[in-house]
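Colleague: My structure is in structure.pdb, and what it holds is PDB, C-alpha atoms and all ligand atoms:
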ATOM      1  CA  MET A1266      25.792 132.372 131.308
ATOM      2  CA  ASN A1267      27.306 129.444 133.191
ATOM      3  CA  ALA A1268      30.727 128.042 132.385
ATOM      4  CA  PRO A1269      30.408 125.039 130.000
ATOM      5  CA  ALA A1270      29.818 121.541 131.400
ATOM      6  CA  SER A1271      32.597 118.984 131.179
ATOM      7  CA  GLY A1272      31.768 115.481 129.896
ATOM      8  CA  ASN A1273      28.184 114.364 129.488
ATOM      9  CA  SER A1274      26.811 114.730 133.037
ATOM     10  CA  PRO A1275      23.868 117.112 133.227
ATOM     11  CA  LEU A1276      24.442 120.338 135.167
ATOM     12  CA  ILE A1277      23.090 120.419 138.721
ATOM     13  CA  ARG A1278      20.631 123.326 138.845
ATOM     14  CA  VAL A1279      21.167 125.252 142.089
ATOM     15  CA  ALA A1280      19.109 128.028 143.686
ATOM     16  CA  VAL A1281      20.695 130.252 146.345
ATOM     17  CA  CYS A1282      18.592 131.680 149.170
ATOM     18  CA  GLY A1283      20.323 134.683 150.760
ATOM     19  CA  ALA A1284      22.163 135.401 147.505
ATOM     20  CA  LYS A1285      22.982 139.005 148.372
ATOM     21  CA  GLY A1286      24.542 138.177 151.737
ATOM     22  CA  LYS A1287      28.252 137.839 152.433
ATOM     23  CA  MET A1288      28.203 134.043 152.014
ATOM     24  CA  GLY A1289      25.471 133.851 149.367
ATOM     25  CA  ARG A1290      27.161 136.215 146.920
ATOM     26  CA  GLU A1291      30.431 134.265 147.152
ATOM     27  CA  PHE A1292      28.562 131.071 146.380
ATOM     28  CA  VAL A1293      26.732 132.564 143.388
ATOM     29  CA  LYS A1294      30.176 133.340 141.906
ATOM     30  CA  THR A1295      31.365 129.811 142.757
ATOM     31  CA  ILE A1296      28.412 128.294 140.864
ATOM     32  CA  TRP A1297      29.286 130.351 137.839
ATOM     33  CA  SER A1298      32.880 129.135 137.810
ATOM     34  CA  ASP A1299      32.026 125.439 138.459
ATOM     35  CA  PRO A1300      31.443 123.490 135.215
ATOM     36  CA  GLU A1301      29.124 120.987 136.967
ATOM     37  CA  LEU A1302      26.734 123.602 138.402
ATOM     38  CA  ALA A1303      24.160 126.008 136.919
ATOM     39  CA  LEU A1304      22.460 128.884 138.715
ATOM     40  CA  ALA A1305      18.698 128.211 138.760
ATOM     41  CA  GLY A1306      17.638 131.252 140.771
ATOM     42  CA  VAL A1307      18.430 133.614 143.606
ATOM     43  CA  VAL A1308      16.342 134.711 146.598
ATOM     44  CA  THR A1309      16.938 137.708 148.800
ATOM     45  CA  GLY A1310      15.143 139.041 151.859
ATOM     46  CA  THR A1311      14.604 142.602 150.616
ATOM     47  CA  PRO A1312      12.865 143.319 147.261
ATOM     48  CA  THR A1313      15.143 144.836 144.608
ATOM     49  CA  ALA A1314      14.652 145.997 141.027
ATOM     50  CA  GLU A1315      18.287 145.243 140.197
ATOM     51  CA  SER A1316      19.010 142.293 137.903
ATOM     52  CA  VAL A1317      21.527 139.682 139.045
ATOM     53  CA  ASP A1318      24.086 140.926 136.510
ATOM     54  CA  GLU A1319      23.616 144.559 137.588
ATOM     55  CA  HIS A1320      24.084 143.547 141.200
ATOM     56  CA  PHE A1321      27.259 141.554 140.629
ATOM     57  CA  GLY A1322      28.645 143.917 137.976
ATOM     58  CA  VAL A1323      29.481 141.036 135.608
ATOM     59  CA  THR A1324      27.585 138.788 133.197
ATOM     60  CA  LEU A1325      26.615 135.829 135.389
ATOM     61  CA  ALA A1326      22.986 135.111 134.514
ATOM     62  CA  PRO A1327      21.498 137.308 131.758
ATOM     63  CA  GLY A1328      17.810 138.112 132.326
ATOM     64  CA  MET A1329      17.745 136.680 135.868
ATOM     65  CA  HIS A1330      16.187 138.750 138.668
ATOM     66  CA  PHE A1331      16.130 138.260 142.433
ATOM     67  CA  ASP A1332      13.053 136.555 143.890
ATOM     68  CA  THR A1333      11.811 137.421 147.356
ATOM     69  CA  ASP A1334       9.389 134.467 147.546
ATOM     70  CA  LEU A1335      11.300 131.191 147.880
ATOM     71  CA  ASN A1336       8.155 129.089 147.227
ATOM     72  CA  GLU A1337       7.511 130.914 143.964
ATOM     73  CA  LEU A1338      11.074 130.333 142.773
ATOM     74  CA  LEU A1339      10.968 126.634 143.724
ATOM     75  CA  ALA A1340       7.648 126.103 141.878
ATOM     76  CA  ARG A1341       8.780 128.005 138.784
ATOM     77  CA  GLU A1342      12.390 126.809 138.351
ATOM     78  CA  LYS A1343      12.283 123.377 140.032
ATOM     79  CA  PRO A1344      15.987 123.462 141.021
ATOM     80  CA  ASP A1345      17.767 120.210 141.939
ATOM     81  CA  VAL A1346      19.345 121.763 145.044
ATOM     82  CA  CYS A1347      18.683 124.907 147.080
ATOM     83  CA  VAL A1348      21.453 126.347 149.255
ATOM     84  CA  ASP A1349      20.280 128.404 152.255
ATOM     85  CA  LEU A1350      22.646 131.074 153.615
ATOM     86  CA  THR A1351      20.160 133.367 155.317
ATOM     87  CA  HIS A1352      19.233 133.934 158.943
ATOM     88  CA  PRO A1353      18.482 131.646 161.932
ATOM     89  CA  GLY A1354      14.976 133.170 162.138
ATOM     90  CA  VAL A1355      13.900 131.856 158.710
ATOM     91  CA  VAL A1356      16.082 128.829 158.067
ATOM     92  CA  PHE A1357      13.678 126.145 159.342
ATOM     93  CA  GLU A1358      10.737 127.484 157.351
ATOM     94  CA  ASN A1359      12.947 127.744 154.249
ATOM     95  CA  SER A1360      14.290 124.203 154.696
ATOM     96  CA  MET A1361      10.784 122.719 154.974
ATOM     97  CA  ALA A1362       9.645 124.710 151.906
ATOM     98  CA  ILE A1363      12.598 123.356 149.910
ATOM     99  CA  ILE A1364      11.782 119.741 150.823
ATOM    100  CA  GLU A1365       8.054 120.277 150.219
ATOM    101  CA  ALA A1366       8.958 121.406 146.658
ATOM    102  CA  ASN A1367      10.873 118.114 146.092
ATOM    103  CA  CYS A1368      14.194 119.965 146.085
ATOM    104  CA  ARG A1369      17.309 119.030 148.094
ATOM    105  CA  PRO A1370      18.344 121.505 150.811
ATOM    106  CA  VAL A1371      21.993 122.304 151.581
ATOM    107  CA  ILE A1372      21.777 124.435 154.713
ATOM    108  CA  GLY A1373      24.691 126.574 155.851
ATOM    109  CA  THR A1374      22.623 128.866 158.072
ATOM    110  CA  THR A1375      23.197 127.943 161.700
ATOM    111  CA  GLY A1376      20.700 127.923 164.566
ATOM    112  CA  LEU A1377      18.576 124.808 163.819
ATOM    113  CA  SER A1378      17.627 122.901 166.986
ATOM    114  CA  ALA A1379      17.960 119.127 167.448
ATOM    115  CA  SER A1380      14.180 118.709 167.137
ATOM    116  CA  GLN A1381      14.120 120.785 163.928
ATOM    117  CA  LEU A1382      16.931 118.624 162.503
ATOM    118  CA  ALA A1383      14.858 115.524 163.329
ATOM    119  CA  GLN A1384      11.804 117.045 161.570
ATOM    120  CA  LEU A1385      13.895 117.797 158.464
ATOM    121  CA  ASP A1386      15.199 114.230 158.413
ATOM    122  CA  LYS A1387      11.674 112.844 158.686
ATOM    123  CA  ALA A1388      10.434 115.069 155.845
ATOM    124  CA  LEU A1389      13.406 114.073 153.660
ATOM    125  CA  GLN A1390      12.915 110.356 154.380
ATOM    126  CA  GLY A1391       9.246 110.751 153.478
ATOM    127  CA  LYS A1392      10.195 112.179 150.079
ATOM    128  CA  GLN A1393      13.221 109.842 149.646
ATOM    129  CA  LEU A1394      15.360 112.933 149.086
ATOM    130  CA  GLY A1395      18.798 113.918 150.401
ATOM    131  CA  GLY A1396      19.555 117.041 152.411
ATOM    132  CA  MET A1397      22.533 118.444 154.279
ATOM    133  CA  VAL A1398      22.917 120.760 157.264
ATOM    134  CA  VAL A1399      26.533 121.843 157.679
ATOM    135  CA  PRO A1400      27.601 124.014 160.630
ATOM    136  CA  ASN A1401      30.979 124.666 158.985
ATOM    137  CA  PHE A1402      31.958 124.193 155.340
ATOM    138  CA  ALA A1403      35.691 124.862 155.925
ATOM    139  CA  ILE A1404      37.856 121.734 155.824
ATOM    140  CA  GLY A1405      40.185 123.152 158.512
ATOM    141  CA  ALA A1406      37.272 123.611 160.903
ATOM    142  CA  VAL A1407      36.071 120.058 160.255
ATOM    143  CA  LEU A1408      39.588 118.806 161.046
ATOM    144  CA  LEU A1409      39.635 120.906 164.229
ATOM    145  CA  MET A1410      36.404 119.199 165.335
ATOM    146  CA  LYS A1411      37.887 115.778 164.569
ATOM    147  CA  PHE A1412      41.131 116.535 166.469
ATOM    148  CA  ALA A1413      39.161 117.968 169.417
ATOM    149  CA  GLN A1414      37.061 114.807 169.589
ATOM    150  CA  GLU A1415      40.210 112.664 169.552
ATOM    151  CA  ALA A1416      41.895 114.774 172.260
ATOM    152  CA  ALA A1417      38.761 114.724 174.438
ATOM    153  CA  GLY A1418      39.375 111.033 175.068
ATOM    154  CA  TYR A1419      42.579 111.969 176.937
ATOM    155  CA  PHE A1420      41.581 115.228 178.711
ATOM    156  CA  ASP A1421      38.632 115.625 181.080
ATOM    157  CA  HIS A1422      39.041 119.426 181.242
ATOM    158  CA  ALA A1423      38.304 121.476 178.109
ATOM    159  CA  GLU A1424      36.706 124.755 177.110
ATOM    160  CA  ILE A1425      35.727 126.179 173.705
ATOM    161  CA  ILE A1426      36.141 129.798 172.646
ATOM    162  CA  GLU A1427      34.428 130.741 169.373
ATOM    163  CA  LEU A1428      35.012 134.179 167.859
ATOM    164  CA  HIS A1429      32.899 135.726 165.078
ATOM    165  CA  HIS A1430      32.095 139.053 163.394
ATOM    166  CA  ASN A1431      29.564 141.182 165.267
ATOM    167  CA  GLN A1432      26.747 140.664 162.699
ATOM    168  CA  LYS A1433      26.366 136.987 163.615
ATOM    169  CA  ALA A1434      22.815 136.447 164.878
ATOM    170  CA  ASP A1435      23.142 133.251 166.935
ATOM    171  CA  ALA A1436      25.364 132.223 169.845
ATOM    172  CA  PRO A1437      27.065 129.924 170.431
ATOM    173  CA  SER A1438      28.059 129.097 166.851
ATOM    174  CA  GLY A1439      26.818 125.880 165.258
ATOM    175  CA  THR A1440      30.443 124.787 164.958
ATOM    176  CA  ALA A1441      31.073 125.226 168.695
ATOM    177  CA  LEU A1442      27.972 123.211 169.551
ATOM    178  CA  LYS A1443      28.873 120.462 167.100
ATOM    179  CA  THR A1444      32.436 120.372 168.500
ATOM    180  CA  ALA A1445      31.078 120.020 172.028
ATOM    181  CA  GLU A1446      28.705 117.232 170.928
ATOM    182  CA  LEU A1447      31.590 115.317 169.331
ATOM    183  CA  MET A1448      33.801 115.800 172.402
ATOM    184  CA  ALA A1449      30.972 114.579 174.643
ATOM    185  CA  GLU A1450      31.021 111.268 172.757
ATOM    186  CA  ARG A1451      34.528 110.669 174.197
ATOM    187  CA  GLN A1452      34.248 112.199 177.702
ATOM    188  CA  ALA A1453      31.216 112.020 180.003
ATOM    189  CA  ARG A1454      31.940 115.262 181.878
ATOM    190  CA  PHE A1455      34.447 118.087 181.553
ATOM    191  CA  GLY A1456      35.739 120.200 184.462
ATOM    192  CA  GLY A1457      34.472 117.810 187.130
ATOM    193  CA  SER A1458      37.333 118.519 189.562
ATOM    194  CA  ASN A1459      37.110 122.343 189.329
ATOM    195  CA  ALA A1460      36.718 124.233 192.610
ATOM    196  CA  PRO A1461      33.102 125.238 193.444
ATOM    197  CA  GLU A1462      32.377 128.412 191.446
ATOM    198  CA  LYS A1463      30.341 131.538 192.079
ATOM    199  CA  GLU A1464      30.005 134.001 189.193
ATOM    200  CA  SER A1465      30.048 137.575 190.508
ATOM    201  CA  LEU A1466      29.249 138.636 186.921
ATOM    202  CA  PRO A1467      26.636 136.199 185.442
ATOM    203  CA  GLY A1468      27.954 134.538 182.275
ATOM    204  CA  ALA A1469      31.622 135.029 183.177
ATOM    205  CA  ARG A1470      32.257 131.281 182.886
ATOM    206  CA  GLY A1471      30.463 130.941 179.540
ATOM    207  CA  ALA A1472      27.576 128.582 178.749
ATOM    208  CA  LYS A1473      27.532 124.895 179.708
ATOM    209  CA  GLY A1474      27.313 122.734 176.570
ATOM    210  CA  PRO A1475      27.144 118.938 176.179
ATOM    211  CA  ALA A1476      29.106 117.083 178.916
ATOM    212  CA  ASP A1477      29.401 120.454 180.713
ATOM    213  CA  VAL A1478      32.028 121.759 178.289
ATOM    214  CA  ARG A1479      32.108 125.560 178.691
ATOM    215  CA  ILE A1480      31.515 127.569 175.502
ATOM    216  CA  HIS A1481      32.502 131.249 175.288
ATOM    217  CA  SER A1482      31.280 133.407 172.362
ATOM    218  CA  VAL A1483      33.206 136.523 171.296
ATOM    219  CA  ARG A1484      31.638 139.007 168.805
ATOM    220  CA  LEU A1485      33.843 141.729 167.297
ATOM    221  CA  PRO A1486      34.020 143.618 163.991
ATOM    222  CA  GLY A1487      37.135 142.571 162.102
ATOM    223  CA  LEU A1488      36.699 138.875 162.887
ATOM    224  CA  ILE A1489      35.244 136.352 160.402
ATOM    225  CA  ALA A1490      34.978 132.869 162.026
ATOM    226  CA  HIS A1491      37.510 131.439 164.490
ATOM    227  CA  GLN A1492      37.521 128.741 167.153
ATOM    228  CA  GLU A1493      39.847 127.515 169.881
ATOM    229  CA  VAL A1494      39.489 124.318 171.860
ATOM    230  CA  ILE A1495      41.683 124.407 174.973
ATOM    231  CA  LEU A1496      42.260 121.133 176.820
ATOM    232  CA  GLY A1497      44.046 120.941 180.164
ATOM    233  CA  SER A1498      45.402 118.312 182.523
ATOM    234  CA  PRO A1499      47.908 118.680 185.397
ATOM    235  CA  GLY A1500      51.101 120.247 184.003
ATOM    236  CA  GLN A1501      49.970 120.660 180.363
ATOM    237  CA  VAL A1502      47.617 122.563 178.061
ATOM    238  CA  LEU A1503      46.767 121.605 174.483
ATOM    239  CA  THR A1504      45.337 124.386 172.282
ATOM    240  CA  LEU A1505      43.687 123.640 168.929
ATOM    241  CA  ARG A1506      42.770 126.649 166.797
ATOM    242  CA  HIS A1507      41.220 127.301 163.399
ATOM    243  CA  ASP A1508      40.866 130.694 161.673
ATOM    244  CA  SER A1509      38.712 131.437 158.622
ATOM    245  CA  MET A1510      40.534 134.422 157.107
ATOM    246  CA  ASP A1511      38.225 134.811 154.085
ATOM    247  CA  ARG A1512      34.780 133.454 153.151
ATOM    248  CA  ALA A1513      36.467 131.785 150.163
ATOM    249  CA  CYS A1514      37.408 128.949 152.570
ATOM    250  CA  PHE A1515      33.753 127.829 152.755
ATOM    251  CA  MET A1516      33.067 127.632 149.001
ATOM    252  CA  PRO A1517      34.679 124.280 148.024
ATOM    253  CA  GLY A1518      32.768 122.647 150.906
ATOM    254  CA  ILE A1519      29.406 124.049 149.759
ATOM    255  CA  ALA A1520      30.062 122.984 146.156
ATOM    256  CA  LEU A1521      30.978 119.472 147.348
ATOM    257  CA  CYS A1522      27.743 119.219 149.385
ATOM    258  CA  VAL A1523      25.657 120.335 146.400
ATOM    259  CA  LYS A1524      27.161 117.542 144.292
ATOM    260  CA  LYS A1525      27.029 114.818 146.971
ATOM    261  CA  VAL A1526      23.495 115.585 148.145
ATOM    262  CA  MET A1527      22.180 114.422 144.773
ATOM    263  CA  SER A1528      22.936 110.803 145.757
ATOM    264  CA  LEU A1529      21.954 110.941 149.463
ATOM    265  CA  THR A1530      18.682 110.038 151.201
ATOM    266  CA  GLY A1531      17.628 111.644 154.481
ATOM    267  CA  LEU A1532      19.499 114.320 156.412
ATOM    268  CA  THR A1533      23.299 114.372 156.647
ATOM    269  CA  TYR A1534      24.576 116.674 159.406
ATOM    270  CA  GLY A1535      28.178 117.826 158.941
ATOM    271  CA  LEU A1536      30.707 117.941 156.105
ATOM    272  CA  GLU A1537      32.819 115.154 157.625
ATOM    273  CA  HIS A1538      30.311 112.501 156.490
ATOM    274  CA  ILE A1539      30.922 113.144 152.790
ATOM    275  CA  LEU A1540      34.701 113.782 152.723
TER     276      LEU A1540
HETATM  277  N1  LIG B1601      28.060 126.817 157.558
HETATM  278  C1  LIG B1601      29.084 127.635 157.387
HETATM  279  O1  LIG B1601      30.218 127.220 157.089
HETATM  280  C2  LIG B1601      28.861 129.109 157.536
HETATM  281  C3  LIG B1601      29.900 130.022 157.346
HETATM  282  C4  LIG B1601      29.639 131.385 157.470
HETATM  283  C5  LIG B1601      28.360 131.796 157.791
HETATM  284  N2  LIG B1601      27.383 130.873 157.996
HETATM  285  C6  LIG B1601      26.003 131.262 158.305
HETATM  286  O2  LIG B1601      25.371 131.608 157.072
HETATM  287  C7  LIG B1601      24.335 132.559 157.336
HETATM  288  C8  LIG B1601      24.518 133.772 156.419
HETATM  289  O3  LIG B1601      25.741 134.412 156.744
HETATM  290  P1  LIG B1601      26.190 135.785 156.043
HETATM  291  O4  LIG B1601      27.430 136.182 156.718
HETATM  292  O5  LIG B1601      26.170 135.630 154.580
HETATM  293  O6  LIG B1601      24.998 136.742 156.507
HETATM  294  P2  LIG B1601      24.454 138.073 155.795
HETATM  295  O7  LIG B1601      25.554 138.764 155.081
HETATM  296  O8  LIG B1601      23.672 138.813 156.816
HETATM  297  O9  LIG B1601      23.447 137.528 154.676
HETATM  298  C9  LIG B1601      22.215 136.942 154.957
HETATM  299  C10 LIG B1601      21.310 137.211 153.770
HETATM  300  O10 LIG B1601      20.102 136.498 153.987
HETATM  301  C11 LIG B1601      19.082 137.241 153.394
HETATM  302  N3  LIG B1601      17.797 136.870 153.971
HETATM  303  C12 LIG B1601      17.330 137.120 155.225
HETATM  304  N4  LIG B1601      16.094 136.608 155.346
HETATM  305  C13 LIG B1601      15.798 136.027 154.150
HETATM  306  C14 LIG B1601      14.674 135.328 153.649
HETATM  307  N5  LIG B1601      13.580 135.123 154.404
HETATM  308  N6  LIG B1601      14.715 134.868 152.377
HETATM  309  C15 LIG B1601      15.793 135.061 151.616
HETATM  310  N7  LIG B1601      16.889 135.728 152.019
HETATM  311  C16 LIG B1601      16.876 136.196 153.280
HETATM  312  C17 LIG B1601      19.428 138.696 153.621
HETATM  313  O11 LIG B1601      18.884 139.420 152.534
HETATM  314  P3  LIG B1601      18.529 141.000 152.631
HETATM  315  O12 LIG B1601      19.793 141.647 153.041
HETATM  316  O13 LIG B1601      18.106 141.334 151.272
HETATM  317  O14 LIG B1601      17.437 141.117 153.655
HETATM  318  C18 LIG B1601      20.958 138.677 153.591
HETATM  319  O15 LIG B1601      21.462 139.112 152.351
HETATM  320  C19 LIG B1601      24.422 132.872 158.843
HETATM  321  O16 LIG B1601      23.518 132.064 159.546
HETATM  322  C20 LIG B1601      25.848 132.459 159.201
HETATM  323  O17 LIG B1601      25.976 132.104 160.551
HETATM  324  C21 LIG B1601      27.612 129.559 157.870
END
Let me see the file written as structure tokens.
Modeller:
Amino acid sequence: MNAPASGNSPLIRVAVCGAKGKMGREFVKTIWSDPELALAGVVTGTPTAESVDEHFGVTLAPGMHFDTDLNELLAREKPDVCVDLTHPGVVFENSMAIIEANCRPVIGTTGLSASQLAQLDKALQGKQLGGMVVPNFAIGAVLLMKFAQEAAGYFDHAEIIELHHNQKADAPSGTALKTAELMAERQARFGGSNAPEKESLPGARGAKGPADVRIHSVRLPGLIAHQEVILGSPGQVLTLRHDSMDRACFMPGIALCVKKVMSLTGLTYGLEHIL
């Protein structure tokens, strides 16, 4: 059972897609401990006979089982919001299904392209519903992006190194791409005065992102989510770094999005717009 609501506001009924994953299971527990939220359902990729309470080993949602069909859950439970923390290969289809069911998507799964984001916005505008896609729910990472954008106005040489656990499916990370996009708003081209380069090992210089900012992706067990933005000019180097040490750092941001999305229309991309 959910923790009791405070005041008279109705609970926001939230479904979680990817509820057995590393992020999804943390957020299911967050819903339970947030007095403004109620768990409306959970979806997982692999069928399971386990109940939600058996899986989590505590009484969270008596009688609730995992769904494997998101559409079925949306039609049956009609949640207010559905949080997607799944896989880049299914996130677009899931997001469209959520909107089609008149539910508000909060998407943490990375890997959506610019044209897919535009399609989601169009679908949301058509239904007059709000939705959010958030490459990084950690406040420290959002601040890093903001500081990097500010610094990019003063440095025309910069590179991004993002480091993640080795189960991450997409590269570069959504956060690295978003950081590069923000930096490109302040600097037309990075690294313009570098010497002509020839890579004797292809990929050695990373991938060229917006405004030619180089992005390097590191994948290692032991890491969670980390990013450095290194800016250089003659005689000085500025390094900005953020480390997510535990997935707990993402949970307040997801809960905030779930609450804010109720009063939005169209797609909001990034946590910074609702802080
Ligand atoms: N925005 C942010 O701040 C942030 C932070 C961290 C991670 N992420 C992103 O969040 C996503 C999930 O990360 P994670 O570390 O939790 O990954 P994970 O541990 O691999 O969990 C993903 C879960 O998604 C489930 N799944 C796969 N396909 C599905 C489908 N079609 N329907 C329903 N569930 C499905 C899987 O279920 P089964 O195991 O049952 O197949 C799995 O439990 C990734 O894209 C990651 O990059 C975002």
Colleague: Could you expand the PyMOL selection byres (((chain A and resi 1509) around 8) and not hetatm) into the explicit residues it covers here, written as JSON, numbers by chain?
Modeller: {"A": [1403, 1489, 1490, 1491, 1507, 1508, 1510, 1511, 1512, 1514]}
Colleague: From the list A:Gly1418, A:Gly1306, A:Gly1439, A:Gly1500, which residue is nearest ligand LIG 1601 (chain B) when using all atoms listed in the file?
Modeller: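 With all atoms listed in the file as the atom set, the closest residue is A:Gly1439.
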Colleague: List as a ChimeraX atom specification the protein and nucleic acid residues lying within 7 Å of ligand LIG 1601 (chain B), with all atoms listed in the file counted.
Modeller: /A:1282-1289,1308-1312,1333,1335,1350-1353,1355,1373-1375,1399-1403,1432-1434,1515
Colleague: Measure the distance from CA of Phe1412 (chain A) to CA of Ala1445 (chain A) in Å and round it to one decimal.
Modeller: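 Going from CA of Phe1412 (chain A) over to CA of Ala1445 (chain A), I get 12.0 Å.
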Colleague: What lies within 8 Å of region 1519-1524 of chain A using all atoms listed in the file, ignoring chain neighbours under 6 positions off, as a PyMOL selection string?
Modeller: chain A and resi 1277+1279+1292+1295-1296+1346+1348+1371+1397+1402+1536+1539
Colleague: What lies within 7 Å of Met1329 (chain A) using all atoms listed in the file, ignoring chain neighbours under 3 positions off, as a PyMOL selection string?
Modeller: chain A and resi 1316-1317+1326
Colleague: So which one's closest to His1430 (chain A), A:Ala1513, A:Val1526, A:Ala1280, A:Leu1488? Using all atoms listed in the file, please.
Modeller: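 With all atoms listed in the file as the atom set, the closest residue is A:Leu1488.
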Colleague: Under the rule that all atoms listed in the file are counted, which of A:Cys1347, A:Val1356, A:Ala1413, A:Ala1362 is the nearest residue to Leu1505 (chain A)?
Modeller: A:Ala1413
Colleague: Please enumerate the residues selected by the PyMOL selection byres (((chain A and resi 1457) around 9) and not hetatm) when evaluated against the supplied file, formatted as an mmCIF file with C-alpha atoms, keeping the file's coordinate frame.
Modeller:
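Final output, selection32.cif:
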data_model
loop_
_atom_site.group_PDB
_atom_site.id
_atom_site.type_symbol
_atom_site.label_atom_id
_atom_site.label_comp_id
_atom_site.auth_asym_id
_atom_site.auth_seq_id
_atom_site.Cartn_x
_atom_site.Cartn_y
_atom_site.Cartn_z
ATOM 1 C CA ASP A 1421 38.632 115.625 181.080
ATOM 2 C CA HIS A 1422 39.041 119.426 181.242
ATOM 3 C CA ARG A 1454 31.940 115.262 181.878
ATOM 4 C CA PHE A 1455 34.447 118.087 181.553
ATOM 5 C CA GLY A 1456 35.739 120.200 184.462
ATOM 6 C CA SER A 1458 37.333 118.519 189.562
ATOM 7 C CA ASN A 1459 37.110 122.343 189.329
ATOM 8 C CA ALA A 1460 36.718 124.233 192.610
ATOM 9 C CA ASP A 1477 29.401 120.454 180.713
#
